[in-house]
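Structure data follow from my_file38.cif (mmCIF, C-alpha atoms):
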```cif
data_target
loop_
_atom_site.group_PDB
_atom_site.id
_atom_site.type_symbol
_atom_site.label_atom_id
_atom_site.label_comp_id
_atom_site.auth_asym_id
_atom_site.auth_seq_id
_atom_site.Cartn_x
_atom_site.Cartn_y
_atom_site.Cartn_z
ATOM 1 C CA MET A 18 0.000 0.000 0.000
ATOM 2 C CA LYS A 19 1.463 3.369 -1.039
ATOM 3 C CA ARG A 20 1.467 6.259 1.385
ATOM 4 C CA GLY A 21 -0.100 8.480 -1.255
ATOM 5 C CA LYS A 22 -3.210 6.254 -1.343
ATOM 6 C CA ILE A 23 -4.054 6.613 2.345
ATOM 7 C CA ASN A 24 -7.626 7.813 2.910
ATOM 8 C CA SER A 25 -10.186 8.354 5.663
ATOM 9 C CA THR A 26 -11.504 4.787 5.321
ATOM 10 C CA MET A 27 -8.122 3.433 6.388
ATOM 11 C CA VAL A 28 -8.054 5.851 9.323
ATOM 12 C CA ALA A 29 -11.504 4.621 10.378
ATOM 13 C CA GLU A 30 -10.405 0.980 10.198
ATOM 14 C CA LEU A 31 -7.286 1.585 12.264
ATOM 15 C CA ALA A 32 -9.225 3.603 14.877
ATOM 16 C CA GLY A 33 -12.080 1.083 14.986
ATOM 17 C CA VAL A 34 -14.751 3.623 14.116
ATOM 18 C CA SER A 35 -16.952 4.501 11.143
ATOM 19 C CA GLN A 36 -15.875 6.779 8.328
ATOM 20 C CA SER A 37 -18.562 9.260 9.363
ATOM 21 C CA THR A 38 -16.964 9.427 12.818
ATOM 22 C CA VAL A 39 -13.636 10.330 11.234
ATOM 23 C CA SER A 40 -15.419 13.131 9.365
ATOM 24 C CA LEU A 41 -17.028 14.394 12.565
ATOM 25 C CA VAL A 42 -13.653 14.474 14.331
ATOM 26 C CA ALA A 43 -12.079 16.334 11.403
ATOM 27 C CA ASN A 44 -14.861 18.930 11.611
ATOM 28 C CA HIS A 45 -14.380 19.422 15.376
ATOM 29 C CA SER A 46 -17.828 18.048 16.216
ATOM 30 C CA PRO A 47 -18.835 18.265 19.920
ATOM 31 C CA LEU A 48 -20.840 15.041 19.448
ATOM 32 C CA ILE A 49 -17.707 12.864 19.598
ATOM 33 C CA SER A 50 -16.298 11.739 22.933
ATOM 34 C CA ARG A 51 -12.761 12.697 23.873
ATOM 35 C CA ALA A 52 -11.610 9.053 23.860
ATOM 36 C CA THR A 53 -12.985 8.442 20.360
ATOM 37 C CA SER A 54 -11.553 11.697 19.070
ATOM 38 C CA GLU A 55 -8.094 10.856 20.410
ATOM 39 C CA ALA A 56 -8.267 7.371 18.857
ATOM 40 C CA VAL A 57 -9.033 8.873 15.453
ATOM 41 C CA ILE A 58 -6.280 11.475 15.841
ATOM 42 C CA ARG A 59 -3.721 8.794 16.759
ATOM 43 C CA ALA A 60 -4.726 6.642 13.782
ATOM 44 C CA ALA A 61 -4.572 9.547 11.320
ATOM 45 C CA ARG A 62 -1.150 10.628 12.515
ATOM 46 C CA LYS A 63 0.212 7.106 12.448
ATOM 47 C CA LEU A 64 -0.851 6.836 8.805
ATOM 48 C CA GLY A 65 0.318 10.357 7.954
ATOM 49 C CA TYR A 66 -3.190 11.432 6.998
ATOM 50 C CA PRO A 67 -4.301 15.053 7.616
ATOM 51 C CA LEU A 68 -7.714 15.374 9.242
ATOM 52 C CA LEU A 69 -9.214 18.210 7.223
ATOM 53 C CA PRO A 70 -12.719 19.665 7.668
ATOM 54 C CA GLN A 71 -15.163 20.092 4.802
ATOM 55 C CA ASN A 72 -13.528 23.334 3.681
ATOM 56 C CA ARG A 73 -10.187 21.447 3.424
ATOM 57 C CA SER A 74 -8.357 23.985 5.611
ATOM 58 C CA HIS A 75 -5.466 22.934 7.815
ATOM 59 C CA SER A 76 -5.470 23.556 11.578
ATOM 60 C CA LEU A 77 -2.052 24.617 12.863
ATOM 61 C CA ALA A 78 -0.809 25.244 16.378
ATOM 62 C CA LEU A 79 1.362 28.292 16.989
ATOM 63 C CA LEU A 80 3.464 27.406 20.023
ATOM 64 C CA LEU A 81 4.619 30.378 22.082
ATOM 65 C CA THR A 82 6.958 30.619 25.010
ATOM 66 C CA THR A 83 6.785 32.763 28.126
ATOM 67 C CA GLY A 84 9.237 35.473 29.023
ATOM 68 C CA HIS A 85 9.513 39.215 28.534
ATOM 69 C CA SER A 86 12.785 38.855 26.589
ATOM 70 C CA MET A 87 10.966 37.633 23.454
ATOM 71 C CA GLN A 88 8.033 40.046 23.622
ATOM 72 C CA HIS A 89 8.817 42.102 20.502
ATOM 73 C CA TYR A 90 9.861 39.048 18.485
ATOM 74 C CA GLN A 91 6.695 37.158 19.382
ATOM 75 C CA SER A 92 4.580 40.195 18.487
ATOM 76 C CA SER A 93 6.181 40.321 15.035
ATOM 77 C CA ILE A 94 5.635 36.584 14.503
ATOM 78 C CA LEU A 95 2.014 36.803 15.667
ATOM 79 C CA SER A 96 1.307 39.675 13.290
ATOM 80 C CA ALA A 97 2.819 37.738 10.376
ATOM 81 C CA ALA A 98 0.975 34.540 11.381
ATOM 82 C CA PHE A 99 -2.430 36.255 11.446
ATOM 83 C CA GLU A 100 -1.765 37.709 7.984
ATOM 84 C CA VAL A 101 -0.525 34.460 6.409
ATOM 85 C CA PHE A 102 -2.963 32.058 8.059
ATOM 86 C CA MET A 103 -5.992 34.202 7.274
ATOM 87 C CA ARG A 104 -4.961 34.620 3.648
ATOM 88 C CA ARG A 105 -4.358 30.879 3.258
ATOM 89 C CA ASN A 106 -7.565 29.882 5.085
ATOM 90 C CA ILE A 107 -5.762 28.150 7.954
ATOM 91 C CA ARG A 108 -7.219 27.757 11.410
ATOM 92 C CA MET A 109 -4.685 28.846 14.041
ATOM 93 C CA ASP A 110 -4.685 27.907 17.716
ATOM 94 C CA ILE A 111 -2.186 29.596 20.034
ATOM 95 C CA LEU A 112 -0.772 27.240 22.666
ATOM 96 C CA SER A 113 1.975 27.341 25.257
ATOM 97 C CA VAL A 114 5.040 25.281 24.438
ATOM 98 C CA SER A 115 4.872 23.967 28.001
ATOM 99 C CA HIS A 116 1.608 22.127 27.208
ATOM 100 C CA LEU A 117 2.587 20.027 24.205
ATOM 101 C CA GLU A 118 0.465 17.085 25.374
ATOM 102 C CA THR A 119 -2.590 19.131 24.329
ATOM 103 C CA LEU A 120 -1.620 18.458 20.717
ATOM 104 C CA ASN A 121 -2.534 14.788 21.154
ATOM 105 C CA GLU A 122 -6.056 15.723 22.211
ATOM 106 C CA ARG A 123 -7.025 17.982 19.320
ATOM 107 C CA VAL A 124 -7.016 17.960 15.518
ATOM 108 C CA PHE A 125 -3.932 19.624 14.073
ATOM 109 C CA SER A 126 -2.031 19.241 10.812
ATOM 110 C CA GLY A 127 1.172 20.550 12.337
ATOM 111 C CA ALA A 128 2.751 23.189 14.524
ATOM 112 C CA VAL A 129 4.995 26.232 14.227
ATOM 113 C CA THR A 130 7.076 27.442 17.146
ATOM 114 C CA LEU A 131 9.515 30.249 17.878
ATOM 115 C CA SER A 132 10.525 28.699 21.185
ATOM 116 C CA ALA A 133 14.280 28.526 21.739
ATOM 117 C CA LEU A 134 14.000 25.693 24.274
ATOM 118 C CA PRO A 135 16.885 23.326 23.407
ATOM 119 C CA GLY A 136 15.030 20.280 24.759
ATOM 120 C CA LEU A 137 11.949 20.768 22.580
ATOM 121 C CA ASN A 138 13.057 18.346 19.859
ATOM 122 C CA ARG A 139 13.539 15.584 22.422
ATOM 123 C CA ARG A 140 10.201 16.347 24.088
ATOM 124 C CA TRP A 141 8.451 16.265 20.706
ATOM 125 C CA GLN A 142 9.780 12.760 20.112
ATOM 126 C CA GLU A 143 8.942 11.529 23.627
ATOM 127 C CA LEU A 144 5.284 12.522 23.222
ATOM 128 C CA GLU A 145 5.085 10.649 19.898
ATOM 129 C CA LEU A 146 3.038 13.464 18.392
ATOM 130 C CA ASN A 147 3.653 12.322 14.804
ATOM 131 C CA LEU A 148 3.110 15.860 13.576
ATOM 132 C CA PRO A 149 5.388 18.065 11.462
ATOM 133 C CA LEU A 150 6.947 20.823 13.580
ATOM 134 C CA ILE A 151 8.527 23.945 12.090
ATOM 135 C CA ARG A 152 10.987 25.788 14.328
ATOM 136 C CA LEU A 153 11.698 29.453 13.630
ATOM 137 C CA THR A 154 14.799 29.748 15.802
ATOM 138 C CA GLN A 155 16.366 26.424 16.760
ATOM 139 C CA LYS A 156 17.774 23.676 14.569
ATOM 140 C CA GLY A 157 15.348 21.097 13.281
ATOM 141 C CA LEU A 158 15.545 17.313 13.427
ATOM 142 C CA PRO A 159 14.236 16.009 10.090
ATOM 143 C CA ALA A 160 14.337 12.370 11.215
ATOM 144 C CA ALA A 161 11.700 13.293 13.823
ATOM 145 C CA GLY A 162 9.609 15.436 11.458
ATOM 146 C CA ILE A 163 11.079 18.715 12.718
ATOM 147 C CA TRP A 164 12.370 21.337 10.281
ATOM 148 C CA SER A 165 13.698 24.864 10.589
ATOM 149 C CA VAL A 166 12.745 28.101 8.829
ATOM 150 C CA TYR A 167 15.065 30.859 9.954
ATOM 151 C CA ASN A 168 16.597 34.236 9.255
ATOM 152 C CA ASP A 169 19.593 33.760 6.957
ATOM 153 C CA PRO A 170 22.651 34.831 9.009
ATOM 154 C CA GLU A 171 24.911 34.935 5.947
ATOM 155 C CA ALA A 172 22.605 37.402 4.210
ATOM 156 C CA GLU A 173 22.147 39.510 7.349
ATOM 157 C CA VAL A 174 25.855 39.804 8.142
ATOM 158 C CA ARG A 175 26.866 40.480 4.535
ATOM 159 C CA THR A 176 24.179 43.168 4.188
ATOM 160 C CA ILE A 177 25.153 44.958 7.404
ATOM 161 C CA LEU A 178 28.904 44.794 6.768
ATOM 162 C CA LYS A 179 28.487 45.968 3.171
ATOM 163 C CA HIS A 180 26.593 49.026 4.424
ATOM 164 C CA LEU A 181 29.132 49.805 7.135
ATOM 165 C CA HIS A 182 32.135 49.236 4.859
ATOM 166 C CA ALA A 183 30.576 51.556 2.277
ATOM 167 C CA ASN A 184 30.528 54.221 4.990
ATOM 168 C CA GLY A 185 34.208 53.719 5.824
ATOM 169 C CA HIS A 186 33.908 51.496 8.906
ATOM 170 C CA ARG A 187 36.401 48.663 9.410
ATOM 171 C CA LYS A 188 36.608 48.083 13.174
ATOM 172 C CA ILE A 189 33.084 46.803 13.819
ATOM 173 C CA GLY A 190 31.846 45.062 16.949
ATOM 174 C CA MET A 191 28.884 42.736 17.459
ATOM 175 C CA TYR A 192 26.872 42.406 20.663
ATOM 176 C CA LEU A 193 24.751 39.267 21.049
ATOM 177 C CA ARG A 194 22.227 38.428 23.761
ATOM 178 C CA ARG A 195 23.118 34.742 23.699
ATOM 179 C CA THR A 196 25.942 32.557 24.930
ATOM 180 C CA LYS A 197 28.199 30.620 22.581
ATOM 181 C CA LYS A 198 26.544 27.415 23.766
ATOM 182 C CA GLU A 199 23.087 28.811 23.010
ATOM 183 C CA GLU A 200 24.161 29.851 19.529
ATOM 184 C CA GLU A 201 25.315 26.295 18.766
ATOM 185 C CA GLN A 202 21.665 25.218 19.112
ATOM 186 C CA LEU A 203 20.454 27.836 16.638
ATOM 187 C CA SER A 204 20.038 27.591 12.891
ATOM 188 C CA GLU A 205 20.887 31.288 12.860
ATOM 189 C CA GLN A 206 24.554 31.358 13.984
ATOM 190 C CA THR A 207 25.066 35.062 13.410
ATOM 191 C CA GLY A 208 28.067 35.513 15.696
ATOM 192 C CA LYS A 209 30.023 32.732 14.005
ATOM 193 C CA VAL A 210 29.241 34.133 10.556
ATOM 194 C CA PHE A 211 30.145 37.686 11.624
ATOM 195 C CA ARG A 212 33.523 36.589 12.989
ATOM 196 C CA ARG A 213 34.317 34.667 9.804
ATOM 197 C CA GLN A 214 33.426 37.633 7.600
ATOM 198 C CA LEU A 215 35.646 39.942 9.658
ATOM 199 C CA GLU A 216 38.528 37.489 9.325
ATOM 200 C CA LEU A 217 38.029 37.338 5.551
ATOM 201 C CA SER A 218 38.230 41.142 5.435
ATOM 202 C CA GLY A 219 41.625 41.046 7.204
ATOM 203 C CA ILE A 220 40.594 41.906 10.785
ATOM 204 C CA SER A 221 43.022 40.026 13.049
ATOM 205 C CA SER A 222 41.077 40.677 16.276
ATOM 206 C CA ALA A 223 37.793 39.306 14.900
ATOM 207 C CA GLU A 224 37.144 36.945 17.802
ATOM 208 C CA GLN A 225 37.418 39.778 20.364
ATOM 209 C CA LEU A 226 34.960 41.865 18.359
ATOM 210 C CA VAL A 227 32.096 39.394 18.873
ATOM 211 C CA SER A 228 30.646 39.715 22.365
ATOM 212 C CA TYR A 229 28.545 36.795 23.602
ATOM 213 C CA SER A 230 26.549 36.822 26.804
ATOM 214 C CA GLU A 231 28.190 35.139 29.765
ATOM 215 C CA GLY A 232 24.915 34.316 31.437
ATOM 216 C CA LYS A 233 21.231 35.021 31.081
ATOM 217 C CA HIS A 234 20.248 37.517 28.384
ATOM 218 C CA ASP A 235 22.110 40.846 28.856
ATOM 219 C CA ALA A 236 24.283 39.798 31.801
ATOM 220 C CA GLY A 237 27.337 42.062 32.050
ATOM 221 C CA LEU A 238 26.031 44.449 29.400
ATOM 222 C CA GLU A 239 27.984 47.512 30.509
ATOM 223 C CA ARG A 240 31.261 45.647 30.896
ATOM 224 C CA ARG A 241 30.823 43.975 27.508
ATOM 225 C CA ILE A 242 30.131 47.294 25.769
ATOM 226 C CA ASP A 243 33.149 48.886 27.468
ATOM 227 C CA SER A 244 35.315 46.012 26.248
ATOM 228 C CA LEU A 245 34.210 46.563 22.655
ATOM 229 C CA LEU A 246 34.732 50.325 22.917
ATOM 230 C CA GLU A 247 38.251 49.796 24.288
ATOM 231 C CA GLN A 248 39.131 47.999 21.057
ATOM 232 C CA GLY A 249 38.432 51.167 19.106
ATOM 233 C CA ILE A 250 35.283 50.149 17.247
ATOM 234 C CA THR A 251 33.616 52.831 15.128
ATOM 235 C CA ALA A 252 30.426 50.832 14.581
ATOM 236 C CA LEU A 253 28.388 48.393 16.637
ATOM 237 C CA THR A 254 25.803 45.892 15.480
ATOM 238 C CA VAL A 255 23.382 44.531 18.064
ATOM 239 C CA ILE A 256 21.162 41.429 18.066
ATOM 240 C CA PRO A 257 18.376 41.416 19.106
ATOM 241 C CA GLY A 258 16.788 44.840 18.922
ATOM 242 C CA GLU A 259 15.570 44.653 22.527
ATOM 243 C CA SER A 260 19.179 44.809 23.760
ATOM 244 C CA THR A 261 19.803 47.949 21.714
ATOM 245 C CA LEU A 262 17.541 50.095 23.883
ATOM 246 C CA LYS A 263 19.511 49.168 27.017
ATOM 247 C CA ILE A 264 22.801 49.759 25.214
ATOM 248 C CA LEU A 265 21.740 53.171 23.921
ATOM 249 C CA ASN A 266 20.756 54.278 27.409
ATOM 250 C CA TYR A 267 24.164 53.187 28.704
ATOM 251 C CA LEU A 268 26.018 54.935 25.873
ATOM 252 C CA ASN A 269 24.021 58.086 26.550
ATOM 253 C CA ARG A 270 25.091 58.028 30.208
ATOM 254 C CA LYS A 271 28.708 57.728 29.047
ATOM 255 C CA GLY A 272 28.265 60.743 26.775
ATOM 256 C CA ILE A 273 28.735 58.727 23.579
ATOM 257 C CA ARG A 274 26.699 60.231 20.741
ATOM 258 C CA ILE A 275 25.023 58.210 17.989
ATOM 259 C CA PRO A 276 26.153 58.338 15.207
ATOM 260 C CA LYS A 277 28.826 61.036 15.740
ATOM 261 C CA ASP A 278 30.916 58.953 18.136
ATOM 262 C CA LEU A 279 29.611 55.489 17.308
ATOM 263 C CA SER A 280 27.467 54.113 14.474
ATOM 264 C CA VAL A 281 24.846 51.515 15.388
ATOM 265 C CA VAL A 282 22.965 48.899 13.349
ATOM 266 C CA THR A 283 20.511 46.572 15.027
ATOM 267 C CA ARG A 284 17.631 44.142 14.445
ATOM 268 C CA GLU A 285 14.365 45.889 13.633
ATOM 269 C CA ILE A 286 11.620 46.485 16.199
ATOM 270 C CA PRO A 287 8.647 47.925 14.258
ATOM 271 C CA GLY A 288 7.234 51.163 15.617
ATOM 272 C CA ILE A 289 10.079 51.722 18.091
ATOM 273 C CA LEU A 290 13.495 52.062 16.440
ATOM 274 C CA ASP A 291 12.195 54.491 13.806
ATOM 275 C CA CYS A 292 10.971 56.771 16.604
ATOM 276 C CA TRP A 293 14.324 56.871 18.430
ATOM 277 C CA GLU A 294 16.586 59.903 18.194
ATOM 278 C CA PRO A 295 18.350 59.390 15.912
ATOM 279 C CA PRO A 296 16.204 56.761 14.130
ATOM 280 C CA LEU A 297 18.152 53.512 14.060
ATOM 281 C CA THR A 298 19.338 51.713 10.954
ATOM 282 C CA ALA A 299 18.103 48.133 11.293
ATOM 283 C CA TYR A 300 17.992 44.773 9.560
ATOM 284 C CA ALA A 301 14.417 43.520 9.233
ATOM 285 C CA PRO A 302 13.866 39.760 8.897
ATOM 286 C CA ASP A 303 10.965 38.849 6.610
ATOM 287 C CA TYR A 304 8.686 37.161 9.147
ATOM 288 C CA THR A 305 5.809 36.947 6.679
ATOM 289 C CA ALA A 306 8.020 34.861 4.388
ATOM 290 C CA HIS A 307 9.005 32.731 7.408
ATOM 291 C CA LEU A 308 5.366 31.835 8.046
ATOM 292 C CA GLU A 309 4.658 31.292 4.353
ATOM 293 C CA ARG A 310 7.513 28.801 4.061
ATOM 294 C CA ALA A 311 6.507 27.114 7.320
ATOM 295 C CA VAL A 312 3.033 26.442 5.911
ATOM 296 C CA ASP A 313 4.567 25.276 2.626
ATOM 297 C CA LEU A 314 6.687 22.719 4.488
ATOM 298 C CA ILE A 315 3.692 21.331 6.388
ATOM 299 C CA GLU A 316 1.668 21.017 3.200
ATOM 300 C CA ALA A 317 4.629 19.372 1.444
ATOM 301 C CA HIS A 318 4.841 16.867 4.309
ATOM 302 C CA TYR A 319 1.315 15.618 3.591
ATOM 303 C CA ASN A 320 1.960 15.610 -0.147
ATOM 304 C CA HIS A 321 4.957 13.315 0.553
ATOM 305 C CA GLN A 322 7.399 15.746 -1.025
ATOM 306 C CA PRO A 323 11.045 16.078 0.120
ATOM 307 C CA LEU A 324 11.516 18.707 2.836
ATOM 308 C CA GLN A 325 14.539 20.740 3.872
ATOM 309 C CA ASN A 326 15.456 23.548 6.240
ATOM 310 C CA ILE A 327 14.965 27.015 4.731
ATOM 311 C CA ALA A 328 17.009 30.196 5.296
ATOM 312 C CA ILE A 329 15.264 33.466 4.398
ATOM 313 C CA SER A 330 16.837 36.852 3.707
ATOM 314 C CA GLY A 331 15.553 40.122 5.119
ATOM 315 C CA ARG A 332 16.314 43.745 4.224
ATOM 316 C CA LEU A 333 18.259 46.675 5.618
ATOM 317 C CA ILE A 334 16.287 49.778 6.626
ATOM 318 C CA GLU A 335 18.653 52.747 6.420
ATOM 319 C CA ARG A 336 17.890 55.526 8.905
ATOM 320 C CA GLY A 337 20.107 57.902 10.828
ATOM 321 C CA SER A 338 22.405 55.903 13.106
ATOM 322 C CA VAL A 339 25.330 55.313 10.695
ATOM 323 C CA ARG A 340 27.727 58.075 9.699
ATOM 324 C CA LYS A 341 30.306 58.167 6.948
ATOM 325 C CA ILE A 342 33.931 58.338 8.127
#
```

Once more with this new file: its structure as C-alpha cells, please.
Amino acid sequence: MKRGKINSTMVAELAGVSQSTVSLVANHSPLISRATSEAVIRAARKLGYPLLPQNRSHSLALLLTTGHSMQHYQSSILSAAFEVFMRRNIRMDILSVSHLETLNERVFSGAVTLSALPGLNRRWQELELNLPLIRLTQKGLPAAGIWSVYNDPEAEVRTILKHLHANGHRKIGMYLRRTKKEEEQLSEQTGKVFRRQLELSGISSAEQLVSYSEGKHDAGLERRIDSLLEQGITALTVIPGESTLKILNYLNRKGIRIPKDLSVVTREIPGILDCWEPPLTAYAPDYTAHLERAVDLIEAHYNHQPLQNIAISGRLIERGSVRKI
C-alpha cells in the first residue's frame, strides 16, 4: 500500500470507528467523545493522513513561550501569522510550548514554534506526536519530522557589513544576547558568521569583536560594551533589537553620541526604532516569508514531497544611526 493512497476509510479501520466518525472528528464536532476523538487522531497521525474539515483547511498550532525577553519578536511573529494564516484559510490555535500534550487531544495538521527551548526536539519525540513541527529559531531534526525556517545569518551579516564598509567602517563590533553554547543550538549562527566575515576582510582581532553573553540575556552588558569600545570600534551591530535600547541608554550616560561617536545597526523592532533619536538603521527579517515557508513545508509533508530547512533573507532599513567616516 502506497502512502499516497491513504484515505479516511483506512483511518476509520485503524481507529475502529466509522468513516462518518472520522469526518465528525475532522470537523471538530462536539458530538464525539474525547476518547474516540483521540483514537481517530492517533490513527490519522500514524498513517500520515491530515484530518481536514469540509472546507479542506489545515489547523495549525502556533506554540509560544513565556518570558519578557521575546516580547517584541513574538509580536512580530504573531502579526505575520495572522496575515498568512488568514490569507491561506488556515485555522490557528495559540498554545503554550509547556503544554505540548494538548496536541494529542485535538485535531492539528502541524505546529509552528519560535521557542528557543533546546530540549523541545527531544520532548516532541517523547510525546510521539507524529506531527510536522517547524521551528523558527532552533535547529530542526528532520528524522523526527522537525524542520527549521530561519533568518539567513549569511545574508544579514553580509548586508550589514556591506553598508558599514561603504561608509568607511572597518573596526566593527557585534553584541549578542546569547551565549556561545546557546548559539550552537540555533540555525541562525550570526556571531560565528560575523567573525568569519571579519577574518576574511583582514581583521586580526575578529574573535574579540564578537561579544557573547556570559549568562542570562544581557548579563554584564555595561562591561561587555566597554570592552568593545576599548578595542576602538567605530560601529556596533546589536542582536536582538531589545538589547539595543539598554545599550543606547548606557552609551548616553557615558556621553557617547550616535552616530557622531559610534554608528549603530541593530535588528528591527517595528514602531520603536524608527521613533528613536536618531532613528536607528536596522535589519528587518521577513517574518511573513518565514510563516509562508513554514506552511509550505507542512503542506509538502502531507503531499509526501522532500523537505529541507529554509534560510530566508531580510532587508536593511537605512535611517540615521550610521555616519560616513

Matched chain/residue IDs from the PyMOL selection byres ((chain A and resi 124) around 9), as a list of chain:residue names: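 For this structure, the PyMOL selection byres ((chain A and resi 124) around 9) captures A:Val42, A:Ala43, A:Asn44, A:His45, A:Ser54, A:Glu55, A:Ile58, A:Pro67, A:Leu68, A:Leu69, A:Ser76, A:Leu77, A:Leu120, A:Asn121, A:Glu122, A:Arg123, A:Phe125, A:Ser126.
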
Please write as a PDB file with C-alpha atoms, in the coordinates of the input the full residue list that the PyMOL selection byres ((chain A and resi 292-302) around 6) yields on this file.
```pdb
ATOM      1  CA  VAL A 282      22.965  48.899  13.349  1.00  0.00           C
ATOM      2  CA  THR A 283      20.511  46.572  15.027  1.00  0.00           C
ATOM      3  CA  ARG A 284      17.631  44.142  14.445  1.00  0.00           C
ATOM      4  CA  GLU A 285      14.365  45.889  13.633  1.00  0.00           C
ATOM      5  CA  ILE A 289      10.079  51.722  18.091  1.00  0.00           C
ATOM      6  CA  LEU A 290      13.495  52.062  16.440  1.00  0.00           C
ATOM      7  CA  ASP A 291      12.195  54.491  13.806  1.00  0.00           C
ATOM      8  CA  ASP A 303      10.965  38.849   6.610  1.00  0.00           C
ATOM      9  CA  TYR A 304       8.686  37.161   9.147  1.00  0.00           C
ATOM     10  CA  GLY A 331      15.553  40.122   5.119  1.00  0.00           C
ATOM     11  CA  ARG A 332      16.314  43.745   4.224  1.00  0.00           C
ATOM     12  CA  LEU A 333      18.259  46.675   5.618  1.00  0.00           C
ATOM     13  CA  ILE A 334      16.287  49.778   6.626  1.00  0.00           C
ATOM     14  CA  GLU A 335      18.653  52.747   6.420  1.00  0.00           C
ATOM     15  CA  ARG A 336      17.890  55.526   8.905  1.00  0.00           C
ATOM     16  CA  GLY A 337      20.107  57.902  10.828  1.00  0.00           C
ATOM     17  CA  SER A 338      22.405  55.903  13.106  1.00  0.00           C
TER      18      SER A 338
END
```

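Of the listed residues (A:Ser25, A:Val210, A:Val312, A:His186), A:His186 comes nearest to A:Leu279; the distances count only C-alpha atoms.
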
Interatomic distance, atom CA of A:Leu308 to atom CA of A:Thr154 (Å, one decimal):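 Rounded to one decimal, the two atoms are 12.4 Å apart.
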
Explicit residue set for the PyMOL selection byres ((chain A and resi 199-202) around 12), as an MDAnalysis selection string: chainID A and resid 132:138 152 154:158 165 170 193:198 203:210 229:234

Dump C-alpha atoms for the selected residues as a short mmCIF file (atom, residue, chain, number, x, y, z; two decimals), in the coordinates of the input?
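Written file, out17.cif:
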```
data_model
loop_
_atom_site.label_atom_id
_atom_site.label_comp_id
_atom_site.auth_asym_id
_atom_site.auth_seq_id
_atom_site.Cartn_x
_atom_site.Cartn_y
_atom_site.Cartn_z
CA SER A 132 10.52 28.70 21.18
CA ALA A 133 14.28 28.53 21.74
CA LEU A 134 14.00 25.69 24.27
CA PRO A 135 16.89 23.33 23.41
CA GLY A 136 15.03 20.28 24.76
CA LEU A 137 11.95 20.77 22.58
CA ASN A 138 13.06 18.35 19.86
CA ARG A 152 10.99 25.79 14.33
CA THR A 154 14.80 29.75 15.80
CA GLN A 155 16.37 26.42 16.76
CA LYS A 156 17.77 23.68 14.57
CA GLY A 157 15.35 21.10 13.28
CA LEU A 158 15.54 17.31 13.43
CA SER A 165 13.70 24.86 10.59
CA PRO A 170 22.65 34.83 9.01
CA LEU A 193 24.75 39.27 21.05
CA ARG A 194 22.23 38.43 23.76
CA ARG A 195 23.12 34.74 23.70
CA THR A 196 25.94 32.56 24.93
CA LYS A 197 28.20 30.62 22.58
CA LYS A 198 26.54 27.42 23.77
CA LEU A 203 20.45 27.84 16.64
CA SER A 204 20.04 27.59 12.89
CA GLU A 205 20.89 31.29 12.86
CA GLN A 206 24.55 31.36 13.98
CA THR A 207 25.07 35.06 13.41
CA GLY A 208 28.07 35.51 15.70
CA LYS A 209 30.02 32.73 14.00
CA VAL A 210 29.24 34.13 10.56
CA TYR A 229 28.54 36.80 23.60
CA SER A 230 26.55 36.82 26.80
CA GLU A 231 28.19 35.14 29.76
CA GLY A 232 24.92 34.32 31.44
CA LYS A 233 21.23 35.02 31.08
CA HIS A 234 20.25 37.52 28.38
#
```

Per-axis box centre and lengths in Å around stretch 276-295 of chain A, 6 Å margin per side, axis-aligned, as lines of an AutoDock Vina configuration file:
```
center_x = 19.1
center_y = 52.6
center_z = 15.9
size_x = 35.7
size_y = 28.9
size_z = 17.1
```

A:Asn320 surroundings by all atoms listed in the file, 12 Å radius, close-in-sequence under 3 positions cut, as a PyMOL selection string: chain A and resi 20-23+65-67+313-317+323-324

Straight-line distance linking atom CA of A:Phe211 with atom CA of A:Ser330, stated in Å to one decimal: 15.5 Å

Of the listed residues A:Ile189, A:Ala52, A:Leu217, A:Ala311, that which approaches A:Val281 most closely, counting all atoms listed in the file: A:Ile189

Nearest to A:Leu253, chosen from A:Lys188, A:Lys277, A:His180, A:Arg270, with all atoms listed in the file counted in the distances: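 Using all atoms listed in the file, the shortest distance to A:Leu253 belongs to A:Lys188.
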
Proximity to A:Thr38 - best of A:Lys179, A:Arg51, A:Val57, A:Ser228, only C-alpha atoms: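 So, comparing all the options, the nearest one is A:Val57.
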
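Among the candidates A:Ala60, A:Ile250, A:Ala97, A:Leu48, the one nearest to A:Glu309 when counting only C-alpha atoms is A:Ala97.
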
Contact residues around stretch 105-107 of chain A with all atoms listed in the file at 7 Å, ignoring same-chain residues under 4 positions, as a VMD selection string: chain A and resid 74 to 76 101

Pick from A:Ser244, A:Ser221, A:Asn184, A:Gln214 nearest to A:Ser280, counting only C-alpha atoms: A:Asn184

Who sits within 10 Å of A:Ile94, all atoms listed in the file, same chain under 4 positions skipped, as a PyMOL selection string: chain A and resi 79+81+89-90+98-100+130-131+153+303-305+307-308

Selection to disk with C-alpha atoms, as a short mmCIF file (atom, residue, chain, number, x, y, z; two decimals), in the frame of the given file:
```cif
data_model
loop_
_atom_site.label_atom_id
_atom_site.label_comp_id
_atom_site.auth_asym_id
_atom_site.auth_seq_id
_atom_site.Cartn_x
_atom_site.Cartn_y
_atom_site.Cartn_z
CA LEU A 79 1.36 28.29 16.99
CA LEU A 81 4.62 30.38 22.08
CA HIS A 89 8.82 42.10 20.50
CA TYR A 90 9.86 39.05 18.48
CA ALA A 98 0.98 34.54 11.38
CA PHE A 99 -2.43 36.26 11.45
CA GLU A 100 -1.76 37.71 7.98
CA THR A 130 7.08 27.44 17.15
CA LEU A 131 9.52 30.25 17.88
CA LEU A 153 11.70 29.45 13.63
CA ASP A 303 10.96 38.85 6.61
CA TYR A 304 8.69 37.16 9.15
CA THR A 305 5.81 36.95 6.68
CA HIS A 307 9.01 32.73 7.41
CA LEU A 308 5.37 31.84 8.05
#
```

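Atom CA of A:Arg139 is positioned 16.6 Å from atom CA of A:Thr82.
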